[in-house]
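Shown next, in structure tokens, is the structure this report addresses.
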Amino acid sequence: MDMPELPNYIDLWFVDPDTVDNAAIQQITRGLLSADELAQSNRFRFPILRRDYLITRWLVRTILSERLSVPGQALHFAANRYGRPYLPSFPDLSFNISHTSRLIVLAVAAEVEVGVDVEHIQTDRATPNLAEYSFAVSERAALRSVAPNNFDHAFFSYWTLKESYVKALGTGLSTALDSFSFSLEQPATISFTSDTVDPTPPHFWLLQPSSTHLCAICVRRWSQQLLLRAWTVVSLTSRVPTNVIVLRRSTFS
Ligand SMILES: CC(C)(COP(=O)(O)OP(=O)(O)OC[C@H]1O[C@@H](n2cnc3c(N)ncnc32)[C@H](O)[C@@H]1OP(=O)(O)O)[C@@H](O)C(=O)NCCC(=O)NCCS
């Protein structure tokens, strides 16, 4: 008899850094961060960037330490040649980070490769020129027909999806953004086409974590048992289970 496949979860953790008290950050990160991370934190000229860096490091070390039952300060991170961080001692655990104005997101999943990208629609740059320069032909055509008041939302839908894919691949912007494309013509769905055959076809979600943010998740090695769960971390002390609005997701194939 076939055993039913157990659900596998992609866990998402959201933090609005503006809700975090500076004194709490100092207290919580003390003893947790590595010497390199502390040195890096002191190199930021702008206090907000330093704050966001410290919160991100706290979030990653705290959540991964709980997941792996390893003390946070004992986690050793490495980065691939394109800068994607990973844990050499735990190759089956995939995690990815994205930060923008007023939101930091951590995605964690086992036995799949996960990529996440979040953008703040009001402060990040949505420009037709950037789309014309870097998007695929079909995406440029779709964006040209979008009404001006919907342009930012449409642009960042494509942008976050594209970034989530190159982050799941781990290659970042070394992968040409016009070598693969998304179609968002059908409501609530995402269809993906690539110039190269991916042996682990990707699956995508487009989320709206707040009225001003768009967030895309990509997983490679998708199965129907893969489910999203999300929490909001409040003041770095408590976690609230969160129903994130799913605007679109890949069609089943
Ligand atoms: C990783 C990359 C693809 C995305 O970066 P980004 O959108 O600027 O920033 P994000 O906040 O979404 O992601 C940064 C995180 O991705 C992770 N990352 C870095 N390189 C990565 C890679 N090759 N693959 C996957 N993840 C990577 C890191 O954890 C990094 O956070 P950290 O430095 O705090 O650890 C990067 O290659 C890049 O350079 N992007 C340029 C983005 C740009 O031009 N944006 C214009 C906005 S419209």
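In the structure tokens, each chain is lettered A, B, ... as it comes, each chain's residues begin at 1, and ligands are numbered from 1 in order of appearance.
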Within 10 Å of Val240 of chain A using only C-alpha atoms, minus same-chain residues under 5 positions, as an MDAnalysis selection string
chainID A and resid 13:14 230:234
Could those residues be written to a file, using N, CA and C atoms, as a PDB file, in the first residue's frame?
ATOM      1  N   TRP A  13       8.515  34.179   7.641  1.00  0.00           N
ATOM      2  CA  TRP A  13       8.578  35.006   8.847  1.00  0.00           C
ATOM      3  C   TRP A  13       8.703  36.449   8.409  1.00  0.00           C
ATOM      4  N   PHE A  14       7.772  37.283   8.863  1.00  0.00           N
ATOM      5  CA  PHE A  14       7.754  38.697   8.482  1.00  0.00           C
ATOM      6  C   PHE A  14       8.068  39.573   9.700  1.00  0.00           C
ATOM      7  N   ALA A 230       2.727  31.217   7.609  1.00  0.00           N
ATOM      8  CA  ALA A 230       3.384  32.515   7.846  1.00  0.00           C
ATOM      9  C   ALA A 230       3.152  32.996   9.270  1.00  0.00           C
ATOM     10  N   TRP A 231       4.161  33.711   9.772  1.00  0.00           N
ATOM     11  CA  TRP A 231       4.056  34.357  11.075  1.00  0.00           C
ATOM     12  C   TRP A 231       4.578  35.788  10.949  1.00  0.00           C
ATOM     13  N   THR A 232       4.018  36.664  11.765  1.00  0.00           N
ATOM     14  CA  THR A 232       4.577  38.005  11.913  1.00  0.00           C
ATOM     15  C   THR A 232       5.268  38.053  13.265  1.00  0.00           C
ATOM     16  N   VAL A 233       6.521  38.513  13.259  1.00  0.00           N
ATOM     17  CA  VAL A 233       7.262  38.644  14.511  1.00  0.00           C
ATOM     18  C   VAL A 233       7.023  40.055  15.032  1.00  0.00           C
ATOM     19  N   VAL A 234       6.495  40.146  16.247  1.00  0.00           N
ATOM     20  CA  VAL A 234       6.130  41.446  16.812  1.00  0.00           C
ATOM     21  C   VAL A 234       7.146  41.812  17.890  1.00  0.00           C
TER      22      VAL A 234
END
Selection near segment 201-213 of chain A, 7 Å with only C-alpha atoms, sequence-local residues under 4 positions removed, as a PyMOL selection string:
chain A and resi 118-122+217-222+244-250
Residues at most 9 Å from Trp159 of chain A, counting only C-alpha atoms, excluding those fewer than 6 positions away in the same chain, as a short mmCIF file (atom, residue, chain, number, x, y, z; two decimals) with N, CA, C and O atoms, in the first residue's frame?
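Output file result.cif follows:
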data_model
loop_
_atom_site.label_atom_id
_atom_site.label_comp_id
_atom_site.auth_asym_id
_atom_site.auth_seq_id
_atom_site.Cartn_x
_atom_site.Cartn_y
_atom_site.Cartn_z
N ASP A 117 11.43 37.23 -2.57
CA ASP A 117 11.72 38.64 -2.83
C ASP A 117 10.54 39.48 -2.39
O ASP A 117 9.39 39.14 -2.66
N GLU A 119 9.16 43.64 -2.11
CA GLU A 119 9.39 45.04 -2.52
C GLU A 119 8.29 45.92 -1.93
O GLU A 119 7.14 45.48 -1.76
N ALA A 126 9.95 51.53 -9.66
CA ALA A 126 9.28 50.82 -10.76
C ALA A 126 9.40 51.71 -11.98
O ALA A 126 8.75 52.74 -12.05
N ALA A 131 12.20 47.87 -16.92
CA ALA A 131 11.51 46.74 -17.55
C ALA A 131 11.99 46.56 -18.99
O ALA A 131 12.29 45.45 -19.43
N PHE A 135 13.47 42.98 -18.79
CA PHE A 135 12.42 41.96 -18.81
C PHE A 135 12.37 41.25 -20.17
O PHE A 135 12.90 41.73 -21.18
N ALA A 216 7.15 37.63 -3.55
CA ALA A 216 7.05 36.39 -4.34
C ALA A 216 7.90 35.31 -3.70
O ALA A 216 8.98 35.58 -3.16
#
At a cut-off of 6 Å, can you tabulate as CSV every residue of chain A near ligand 1 together with its closest atom pair and the distance in Å to one decimal, using only C-alpha atoms and all ligand atoms and ordering rows by chain then number?
residue,atom,partner,partner_atom_place_in_ligand_line,distance
A:Tyr82,CA,ligand 1,23 (N),4.2
A:Gly83,CA,ligand 1,20 (N),3.8
A:Arg84,CA,ligand 1,21 (C),3.5
A:Pro85,CA,ligand 1,29 (O),5.5
A:Asn96,CA,ligand 1,29 (O),5.8
A:Ile97,CA,ligand 1,29 (O),4.7
A:Ser98,CA,ligand 1,11 (O),3.5
A:His99,CA,ligand 1,11 (O),3.8
A:Asp117,CA,ligand 1,12 (O),4.6
A:Asp124,CA,ligand 1,48 (S),5.9
A:Arg125,CA,ligand 1,48 (S),4.9
A:Ala126,CA,ligand 1,48 (S),6.0
A:Glu163,CA,ligand 1,3 (C),5.6
A:Lys167,CA,ligand 1,25 (C),3.5
A:Ala168,CA,ligand 1,25 (C),6.0
A:Gly170,CA,ligand 1,24 (N),3.6
A:Thr171,CA,ligand 1,23 (N),4.4
A:Gly172,CA,ligand 1,23 (N),3.8
A:Leu173,CA,ligand 1,37 (O),4.6
Expected file: the selected residues, all heavy atoms, as a short mmCIF file (atom, residue, chain, number, x, y, z; two decimals), in the first residue's frame:
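Output saved as part-v5.cif:
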data_model
loop_
_atom_site.label_atom_id
_atom_site.label_comp_id
_atom_site.auth_asym_id
_atom_site.auth_seq_id
_atom_site.Cartn_x
_atom_site.Cartn_y
_atom_site.Cartn_z
N TYR A 82 27.70 33.18 -5.89
CA TYR A 82 26.86 34.33 -6.26
C TYR A 82 26.32 35.05 -5.02
O TYR A 82 25.50 35.94 -5.15
CB TYR A 82 25.68 33.85 -7.12
CG TYR A 82 26.13 33.09 -8.33
CD1 TYR A 82 26.00 31.71 -8.38
CD2 TYR A 82 26.69 33.76 -9.42
CE1 TYR A 82 26.43 30.99 -9.50
CE2 TYR A 82 27.12 33.05 -10.54
CZ TYR A 82 26.99 31.68 -10.57
OH TYR A 82 27.42 30.99 -11.68
N GLY A 83 26.75 34.61 -3.84
CA GLY A 83 26.38 35.33 -2.62
C GLY A 83 25.22 34.74 -1.86
O GLY A 83 24.82 35.28 -0.82
N ARG A 84 24.65 33.62 -2.34
CA ARG A 84 23.50 33.05 -1.61
C ARG A 84 23.99 32.36 -0.32
O ARG A 84 24.76 31.41 -0.37
CB ARG A 84 22.75 32.03 -2.46
CG ARG A 84 21.58 31.41 -1.71
CD ARG A 84 20.87 30.35 -2.54
NE ARG A 84 20.02 29.55 -1.68
CZ ARG A 84 18.68 29.62 -1.66
NH1 ARG A 84 18.05 30.44 -2.45
NH2 ARG A 84 17.99 28.88 -0.84
N PRO A 85 23.49 32.82 0.85
CA PRO A 85 23.91 32.18 2.10
C PRO A 85 23.29 30.79 2.27
O PRO A 85 22.17 30.55 1.83
CB PRO A 85 23.37 33.12 3.19
CG PRO A 85 22.89 34.34 2.51
CD PRO A 85 22.60 33.96 1.09
N ASN A 96 16.01 31.67 2.65
CA ASN A 96 16.32 32.83 1.85
C ASN A 96 15.70 34.06 2.50
O ASN A 96 14.67 33.97 3.15
CB ASN A 96 15.82 32.64 0.42
CG ASN A 96 16.53 33.53 -0.58
OD1 ASN A 96 15.91 34.12 -1.45
ND2 ASN A 96 17.84 33.67 -0.48
N ILE A 97 16.37 35.18 2.27
CA ILE A 97 16.01 36.43 2.96
C ILE A 97 15.73 37.50 1.93
O ILE A 97 16.37 37.53 0.87
CB ILE A 97 17.22 36.92 3.79
CG1 ILE A 97 17.67 35.87 4.79
CG2 ILE A 97 16.94 38.26 4.46
CD1 ILE A 97 19.14 36.02 5.13
N SER A 98 14.80 38.39 2.26
CA SER A 98 14.63 39.58 1.44
C SER A 98 14.26 40.73 2.36
O SER A 98 13.53 40.54 3.34
CB SER A 98 13.55 39.37 0.38
OG SER A 98 13.50 40.46 -0.50
N HIS A 99 14.80 41.91 2.06
CA HIS A 99 14.42 43.08 2.87
C HIS A 99 14.13 44.27 1.99
O HIS A 99 14.75 44.47 0.95
CB HIS A 99 15.44 43.45 3.94
CG HIS A 99 16.80 42.89 3.75
ND1 HIS A 99 17.61 43.20 2.70
CD2 HIS A 99 17.49 42.00 4.51
CE1 HIS A 99 18.74 42.55 2.82
NE2 HIS A 99 18.71 41.80 3.90
N ASP A 117 11.43 37.23 -2.57
CA ASP A 117 11.72 38.64 -2.83
C ASP A 117 10.54 39.48 -2.39
O ASP A 117 9.39 39.14 -2.66
CB ASP A 117 11.99 38.90 -4.32
CG ASP A 117 12.54 40.31 -4.50
OD1 ASP A 117 13.58 40.63 -3.89
OD2 ASP A 117 11.94 41.12 -5.23
N ASP A 124 10.24 51.59 -3.66
CA ASP A 124 11.16 50.97 -4.60
C ASP A 124 10.90 51.51 -6.01
O ASP A 124 9.85 52.08 -6.28
CB ASP A 124 11.03 49.44 -4.51
CG ASP A 124 11.55 48.94 -3.16
OD1 ASP A 124 12.61 49.43 -2.74
OD2 ASP A 124 10.87 48.12 -2.53
N ARG A 125 11.87 51.32 -6.87
CA ARG A 125 11.82 51.98 -8.18
C ARG A 125 11.13 51.09 -9.22
O ARG A 125 11.67 50.07 -9.61
CB ARG A 125 13.23 52.29 -8.67
CG ARG A 125 14.01 53.27 -7.82
CD ARG A 125 15.51 53.04 -7.99
NE ARG A 125 15.90 51.76 -7.40
CZ ARG A 125 16.89 51.00 -7.84
NH1 ARG A 125 17.60 51.35 -8.85
NH2 ARG A 125 17.17 49.86 -7.24
N ALA A 126 9.95 51.53 -9.66
CA ALA A 126 9.28 50.82 -10.76
C ALA A 126 9.40 51.71 -11.98
O ALA A 126 8.75 52.74 -12.05
CB ALA A 126 7.82 50.60 -10.43
N GLU A 163 12.92 37.92 -9.34
CA GLU A 163 13.97 37.86 -8.31
C GLU A 163 13.83 36.58 -7.48
O GLU A 163 14.83 35.97 -7.11
CB GLU A 163 13.87 39.08 -7.41
CG GLU A 163 14.27 40.37 -8.09
CD GLU A 163 15.70 40.77 -7.76
OE1 GLU A 163 16.06 40.75 -6.58
OE2 GLU A 163 16.44 41.11 -8.69
N LYS A 167 16.83 33.88 -7.11
CA LYS A 167 17.29 33.62 -5.74
C LYS A 167 17.13 32.14 -5.39
O LYS A 167 17.97 31.57 -4.70
CB LYS A 167 16.58 34.54 -4.75
CG LYS A 167 17.01 36.01 -4.96
CD LYS A 167 16.30 36.96 -4.03
CE LYS A 167 16.97 36.94 -2.66
NZ LYS A 167 16.29 37.91 -1.75
N ALA A 168 16.06 31.51 -5.87
CA ALA A 168 15.92 30.06 -5.64
C ALA A 168 16.99 29.29 -6.40
O ALA A 168 17.52 28.29 -5.91
CB ALA A 168 14.53 29.58 -6.05
N GLY A 170 19.84 30.47 -6.88
CA GLY A 170 21.08 30.81 -6.18
C GLY A 170 22.05 31.60 -7.02
O GLY A 170 23.13 31.95 -6.57
N THR A 171 21.66 31.92 -8.24
CA THR A 171 22.57 32.61 -9.16
C THR A 171 22.39 34.13 -9.13
O THR A 171 23.20 34.86 -9.71
CB THR A 171 22.34 32.13 -10.60
OG1 THR A 171 20.94 32.23 -10.88
CG2 THR A 171 22.78 30.69 -10.78
N GLY A 172 21.33 34.61 -8.51
CA GLY A 172 21.09 36.05 -8.44
C GLY A 172 21.03 36.67 -9.82
O GLY A 172 20.59 36.03 -10.79
N LEU A 173 21.51 37.89 -9.92
CA LEU A 173 21.38 38.61 -11.19
C LEU A 173 22.42 38.19 -12.23
O LEU A 173 22.49 38.78 -13.30
CB LEU A 173 21.43 40.12 -10.94
CG LEU A 173 20.20 40.64 -10.17
CD1 LEU A 173 20.30 42.14 -9.94
CD2 LEU A 173 18.91 40.30 -10.90
#
Considering only C-alpha atoms, return as a list in words whatever protein or nucleic-acid residues lie within 9 Å of segment 55-66 of chain A, sequence-local ones (same chain, fewer than 3 positions apart) excluded.
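What passes the distance filter is Trp13, Val15, Pro17, Val20, Ile25, Ile28, Thr29, Leu32, Leu33, Glu37, Arg50, Arg51, Asp52, Ser69, Val70, Pro71, Gly72, Gln73, Ala74, Leu75, Phe95, Ile97, His99, Ile104, Val105, Leu106, Val108, Val233 and Leu236 of chain A.
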Please, could you write that set of residues out with C-alpha atoms as a PDB file, in the first residue's frame?
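The result, stored in selection14.pdb:
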ATOM      1  CA  TRP A  13       8.578  35.006   8.847  1.00  0.00           C
ATOM      2  CA  VAL A  15       9.210  41.549  10.570  1.00  0.00           C
ATOM      3  CA  PRO A  17      11.666  46.747  11.524  1.00  0.00           C
ATOM      4  CA  VAL A  20      11.300  47.234  16.876  1.00  0.00           C
ATOM      5  CA  ILE A  25      17.879  44.929  19.248  1.00  0.00           C
ATOM      6  CA  ILE A  28      18.760  40.437  21.733  1.00  0.00           C
ATOM      7  CA  THR A  29      21.669  40.335  19.306  1.00  0.00           C
ATOM      8  CA  LEU A  32      24.151  35.750  19.192  1.00  0.00           C
ATOM      9  CA  LEU A  33      25.973  37.298  16.240  1.00  0.00           C
ATOM     10  CA  GLU A  37      28.483  40.042  11.628  1.00  0.00           C
ATOM     11  CA  ARG A  50      22.434  48.955  10.684  1.00  0.00           C
ATOM     12  CA  ARG A  51      19.165  48.307  12.516  1.00  0.00           C
ATOM     13  CA  ASP A  52      17.743  46.274   9.613  1.00  0.00           C
ATOM     14  CA  SER A  69      17.749  22.553  17.578  1.00  0.00           C
ATOM     15  CA  VAL A  70      21.215  24.099  17.445  1.00  0.00           C
ATOM     16  CA  PRO A  71      22.250  27.195  19.456  1.00  0.00           C
ATOM     17  CA  GLY A  72      21.955  30.287  17.247  1.00  0.00           C
ATOM     18  CA  GLN A  73      25.538  31.388  17.875  1.00  0.00           C
ATOM     19  CA  ALA A  74      26.801  27.942  16.774  1.00  0.00           C
ATOM     20  CA  LEU A  75      25.360  28.251  13.256  1.00  0.00           C
ATOM     21  CA  PHE A  95      16.388  29.464   3.543  1.00  0.00           C
ATOM     22  CA  ILE A  97      16.013  36.430   2.959  1.00  0.00           C
ATOM     23  CA  HIS A  99      14.417  43.075   2.873  1.00  0.00           C
ATOM     24  CA  ILE A 104      12.071  41.801   6.290  1.00  0.00           C
ATOM     25  CA  VAL A 105      11.082  38.304   5.137  1.00  0.00           C
ATOM     26  CA  LEU A 106      12.715  34.974   5.886  1.00  0.00           C
ATOM     27  CA  VAL A 108      12.600  28.401   5.325  1.00  0.00           C
ATOM     28  CA  VAL A 233       7.262  38.644  14.511  1.00  0.00           C
ATOM     29  CA  LEU A 236      11.164  40.546  18.328  1.00  0.00           C
TER      30      LEU A 236
END
Please provide as a list in words all residues within 12 Å of Leu184 of chain A, with the sequence filter that same-chain residues fewer than 6 positions apart are discarded (counting only C-alpha atoms).
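In the requested form, the answer reads Ser138, Glu139, Ala141, Ala142, Leu143, Val146, His153, Ala154, Phe155, Phe156, Ser157, Tyr158, Leu161, Ile190, Ser191, Phe192, Thr193, Phe204, Trp205, Leu206, Leu247, Arg248, Arg249, Ser250 and Thr251 of chain A.
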Residues as selected, N, CA, C and O atoms, written as a JSON list (two decimals), in the first residue's frame, can you do that?
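The file below, again.json, is the result:
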[["chain", "number", "residue", "atom", "x", "y", "z"],
["A", 138, "SER", "N", 7.78, 39.26, -23.92],
["A", 138, "SER", "CA", 6.34, 39.14, -23.63],
["A", 138, "SER", "C", 5.96, 39.96, -22.40],
["A", 138, "SER", "O", 4.86, 40.53, -22.34],
["A", 139, "GLU", "N", 6.86, 40.04, -21.42],
["A", 139, "GLU", "CA", 6.57, 40.82, -20.21],
["A", 139, "GLU", "C", 6.56, 42.31, -20.53],
["A", 139, "GLU", "O", 5.72, 43.07, -20.02],
["A", 141, "ALA", "N", 5.80, 43.63, -23.37],
["A", 141, "ALA", "CA", 4.56, 43.90, -24.12],
["A", 141, "ALA", "C", 3.38, 43.99, -23.14],
["A", 141, "ALA", "O", 2.53, 44.88, -23.25],
["A", 142, "ALA", "N", 3.33, 43.07, -22.18],
["A", 142, "ALA", "CA", 2.22, 43.08, -21.22],
["A", 142, "ALA", "C", 2.24, 44.37, -20.40],
["A", 142, "ALA", "O", 1.19, 45.00, -20.18],
["A", 143, "LEU", "N", 3.43, 44.81, -20.00],
["A", 143, "LEU", "CA", 3.52, 46.03, -19.18],
["A", 143, "LEU", "C", 3.14, 47.28, -19.96],
["A", 143, "LEU", "O", 2.57, 48.22, -19.41],
["A", 146, "VAL", "N", -0.51, 48.08, -19.69],
["A", 146, "VAL", "CA", -1.09, 48.29, -18.36],
["A", 146, "VAL", "C", -1.44, 49.77, -18.16],
["A", 146, "VAL", "O", -0.67, 50.65, -18.56],
["A", 153, "HIS", "N", 2.08, 48.19, -9.56],
["A", 153, "HIS", "CA", 1.67, 46.86, -9.07],
["A", 153, "HIS", "C", 2.08, 45.79, -10.08],
["A", 153, "HIS", "O", 2.64, 44.73, -9.70],
["A", 154, "ALA", "N", 1.84, 46.06, -11.36],
["A", 154, "ALA", "CA", 2.18, 45.06, -12.39],
["A", 154, "ALA", "C", 3.70, 44.88, -12.47],
["A", 154, "ALA", "O", 4.20, 43.75, -12.51],
["A", 155, "PHE", "N", 4.42, 46.00, -12.47],
["A", 155, "PHE", "CA", 5.89, 45.93, -12.55],
["A", 155, "PHE", "C", 6.44, 45.08, -11.40],
["A", 155, "PHE", "O", 7.26, 44.17, -11.62],
["A", 156, "PHE", "N", 6.00, 45.37, -10.18],
["A", 156, "PHE", "CA", 6.57, 44.64, -9.03],
["A", 156, "PHE", "C", 6.07, 43.21, -8.95],
["A", 156, "PHE", "O", 6.72, 42.38, -8.31],
["A", 157, "SER", "N", 4.95, 42.90, -9.56],
["A", 157, "SER", "CA", 4.53, 41.49, -9.64],
["A", 157, "SER", "C", 5.57, 40.71, -10.45],
["A", 157, "SER", "O", 6.07, 39.67, -10.01],
["A", 158, "TYR", "N", 5.91, 41.23, -11.63],
["A", 158, "TYR", "CA", 6.93, 40.56, -12.45],
["A", 158, "TYR", "C", 8.29, 40.58, -11.74],
["A", 158, "TYR", "O", 9.00, 39.59, -11.71],
["A", 161, "LEU", "N", 8.61, 38.16, -8.77],
["A", 161, "LEU", "CA", 8.64, 36.78, -9.26],
["A", 161, "LEU", "C", 10.00, 36.45, -9.88],
["A", 161, "LEU", "O", 10.58, 35.39, -9.64],
["A", 190, "ILE", "N", -0.14, 32.00, -12.28],
["A", 190, "ILE", "CA", 1.19, 32.42, -12.76],
["A", 190, "ILE", "C", 1.64, 31.35, -13.73],
["A", 190, "ILE", "O", 1.65, 30.16, -13.36],
["A", 191, "SER", "N", 2.02, 31.76, -14.92],
["A", 191, "SER", "CA", 2.60, 30.74, -15.79],
["A", 191, "SER", "C", 4.03, 31.14, -16.15],
["A", 191, "SER", "O", 4.33, 32.32, -16.35],
["A", 192, "PHE", "N", 4.90, 30.15, -16.15],
["A", 192, "PHE", "CA", 6.34, 30.37, -16.23],
["A", 192, "PHE", "C", 6.92, 29.66, -17.44],
["A", 192, "PHE", "O", 6.57, 28.52, -17.72],
["A", 193, "THR", "N", 7.80, 30.35, -18.18],
["A", 193, "THR", "CA", 8.49, 29.75, -19.32],
["A", 193, "THR", "C", 9.97, 30.11, -19.23],
["A", 193, "THR", "O", 10.30, 31.25, -18.89],
["A", 204, "PHE", "N", 5.46, 28.96, -7.98],
["A", 204, "PHE", "CA", 5.51, 30.34, -7.47],
["A", 204, "PHE", "C", 4.22, 30.72, -6.74],
["A", 204, "PHE", "O", 3.13, 30.25, -7.10],
["A", 205, "TRP", "N", 4.39, 31.59, -5.77],
["A", 205, "TRP", "CA", 3.27, 32.29, -5.14],
["A", 205, "TRP", "C", 3.56, 33.78, -5.22],
["A", 205, "TRP", "O", 4.70, 34.20, -5.02],
["A", 206, "LEU", "N", 2.51, 34.57, -5.47],
["A", 206, "LEU", "CA", 2.63, 36.03, -5.37],
["A", 206, "LEU", "C", 1.74, 36.46, -4.22],
["A", 206, "LEU", "O", 0.53, 36.22, -4.23],
["A", 247, "LEU", "N", -2.22, 36.43, -3.92],
["A", 247, "LEU", "CA", -2.81, 37.05, -5.12],
["A", 247, "LEU", "C", -2.82, 36.08, -6.28],
["A", 247, "LEU", "O", -3.77, 36.06, -7.06],
["A", 248, "ARG", "N", -1.77, 35.30, -6.39],
["A", 248, "ARG", "CA", -1.63, 34.36, -7.50],
["A", 248, "ARG", "C", -0.75, 33.20, -7.07],
["A", 248, "ARG", "O", 0.07, 33.35, -6.17],
["A", 249, "ARG", "N", -0.89, 32.08, -7.79],
["A", 249, "ARG", "CA", 0.09, 31.01, -7.63],
["A", 249, "ARG", "C", 0.17, 30.23, -8.94],
["A", 249, "ARG", "O", -0.69, 30.35, -9.80],
["A", 250, "SER", "N", 1.23, 29.43, -9.06],
["A", 250, "SER", "CA", 1.41, 28.66, -10.29],
["A", 250, "SER", "C", 0.23, 27.73, -10.50],
["A", 250, "SER", "O", -0.35, 27.23, -9.53],
["A", 251, "THR", "N", -0.05, 27.49, -11.77],
["A", 251, "THR", "CA", -1.09, 26.52, -12.07],
["A", 251, "THR", "C", -0.53, 25.12, -11.84],
["A", 251, "THR", "O", 0.67, 24.89, -11.97]]
Atomic distance atom CA of Thr19 of chain A - atom CA of Pro241 of chain A, expressed in Å with one decimal:
17.1 Å
Enumerate as a ChimeraX atom specification all residues of segment 21-247 of chain A assigned to strand (DSSP E or B) by DSSP on the backbone, naming them with the chain letters and numbers the document uses.
/A:78-79,85-86,93-100,103-110,113-120,180-183,189-194,202-210,213-220,226-234,238-241,245-247
Run DSSP on the backbone and grab whatever in segment 134-220 of chain A lands in alpha helix (DSSP H); send it over as a compact mmCIF listing (two decimals) with N, CA and C atoms, in the first residue's frame.
# COMPACT_ATOMS: atom_id res chain seq x y z
N SER A 134 15.46 45.00 -18.93
CA SER A 134 15.80 43.70 -18.35
C SER A 134 14.72 42.62 -18.49
N VAL A 137 10.59 39.78 -23.65
CA VAL A 137 9.78 40.48 -24.65
C VAL A 137 8.29 40.45 -24.29
N SER A 138 7.78 39.26 -23.92
CA SER A 138 6.34 39.14 -23.63
C SER A 138 5.96 39.96 -22.40
N GLU A 139 6.86 40.04 -21.42
CA GLU A 139 6.57 40.82 -20.21
C GLU A 139 6.56 42.31 -20.53
N ARG A 140 7.49 42.74 -21.38
CA ARG A 140 7.52 44.16 -21.77
C ARG A 140 6.23 44.53 -22.49
N ALA A 141 5.80 43.63 -23.37
CA ALA A 141 4.56 43.90 -24.12
C ALA A 141 3.38 43.99 -23.14
N ALA A 142 3.33 43.07 -22.18
CA ALA A 142 2.22 43.08 -21.22
C ALA A 142 2.24 44.37 -20.40
N LEU A 143 3.43 44.81 -20.00
CA LEU A 143 3.52 46.03 -19.18
C LEU A 143 3.14 47.28 -19.96
N ARG A 144 3.45 47.28 -21.27
CA ARG A 144 3.10 48.46 -22.08
C ARG A 144 1.60 48.66 -22.16
N PHE A 151 0.54 50.48 -13.08
CA PHE A 151 1.87 50.08 -13.56
C PHE A 151 2.75 49.56 -12.42
N ASP A 152 2.80 50.28 -11.30
CA ASP A 152 3.70 49.87 -10.22
C ASP A 152 3.37 48.45 -9.74
N HIS A 153 2.08 48.19 -9.56
CA HIS A 153 1.67 46.86 -9.07
C HIS A 153 2.08 45.79 -10.08
N ALA A 154 1.84 46.06 -11.36
CA ALA A 154 2.18 45.06 -12.39
C ALA A 154 3.70 44.88 -12.47
N PHE A 155 4.42 46.00 -12.47
CA PHE A 155 5.89 45.93 -12.55
C PHE A 155 6.44 45.08 -11.40
N PHE A 156 6.00 45.37 -10.18
CA PHE A 156 6.57 44.64 -9.03
C PHE A 156 6.07 43.21 -8.95
N SER A 157 4.95 42.90 -9.56
CA SER A 157 4.53 41.49 -9.64
C SER A 157 5.57 40.71 -10.45
N TYR A 158 5.91 41.23 -11.63
CA TYR A 158 6.93 40.56 -12.45
C TYR A 158 8.29 40.58 -11.74
N TRP A 159 8.63 41.75 -11.20
CA TRP A 159 9.97 41.91 -10.62
C TRP A 159 10.19 40.94 -9.45
N THR A 160 9.24 40.88 -8.52
CA THR A 160 9.43 40.00 -7.36
C THR A 160 9.47 38.53 -7.80
N LEU A 161 8.61 38.16 -8.77
CA LEU A 161 8.64 36.78 -9.26
C LEU A 161 10.00 36.45 -9.88
N LYS A 162 10.51 37.39 -10.65
CA LYS A 162 11.78 37.14 -11.33
C LYS A 162 12.91 37.01 -10.31
N GLU A 163 12.92 37.92 -9.34
CA GLU A 163 13.97 37.86 -8.31
C GLU A 163 13.83 36.58 -7.48
N SER A 164 12.59 36.18 -7.17
CA SER A 164 12.43 34.97 -6.35
C SER A 164 13.01 33.76 -7.09
N TYR A 165 12.87 33.76 -8.42
CA TYR A 165 13.40 32.62 -9.20
C TYR A 165 14.93 32.61 -9.19
N VAL A 166 15.55 33.75 -9.48
CA VAL A 166 17.02 33.74 -9.52
C VAL A 166 17.61 33.54 -8.12
N LYS A 167 16.83 33.88 -7.11
CA LYS A 167 17.29 33.62 -5.74
C LYS A 167 17.13 32.14 -5.39
N ALA A 168 16.06 31.51 -5.87
CA ALA A 168 15.92 30.06 -5.64
C ALA A 168 16.99 29.29 -6.40
N LEU A 169 17.32 29.76 -7.60
CA LEU A 169 18.42 29.15 -8.35
C LEU A 169 19.75 29.35 -7.62
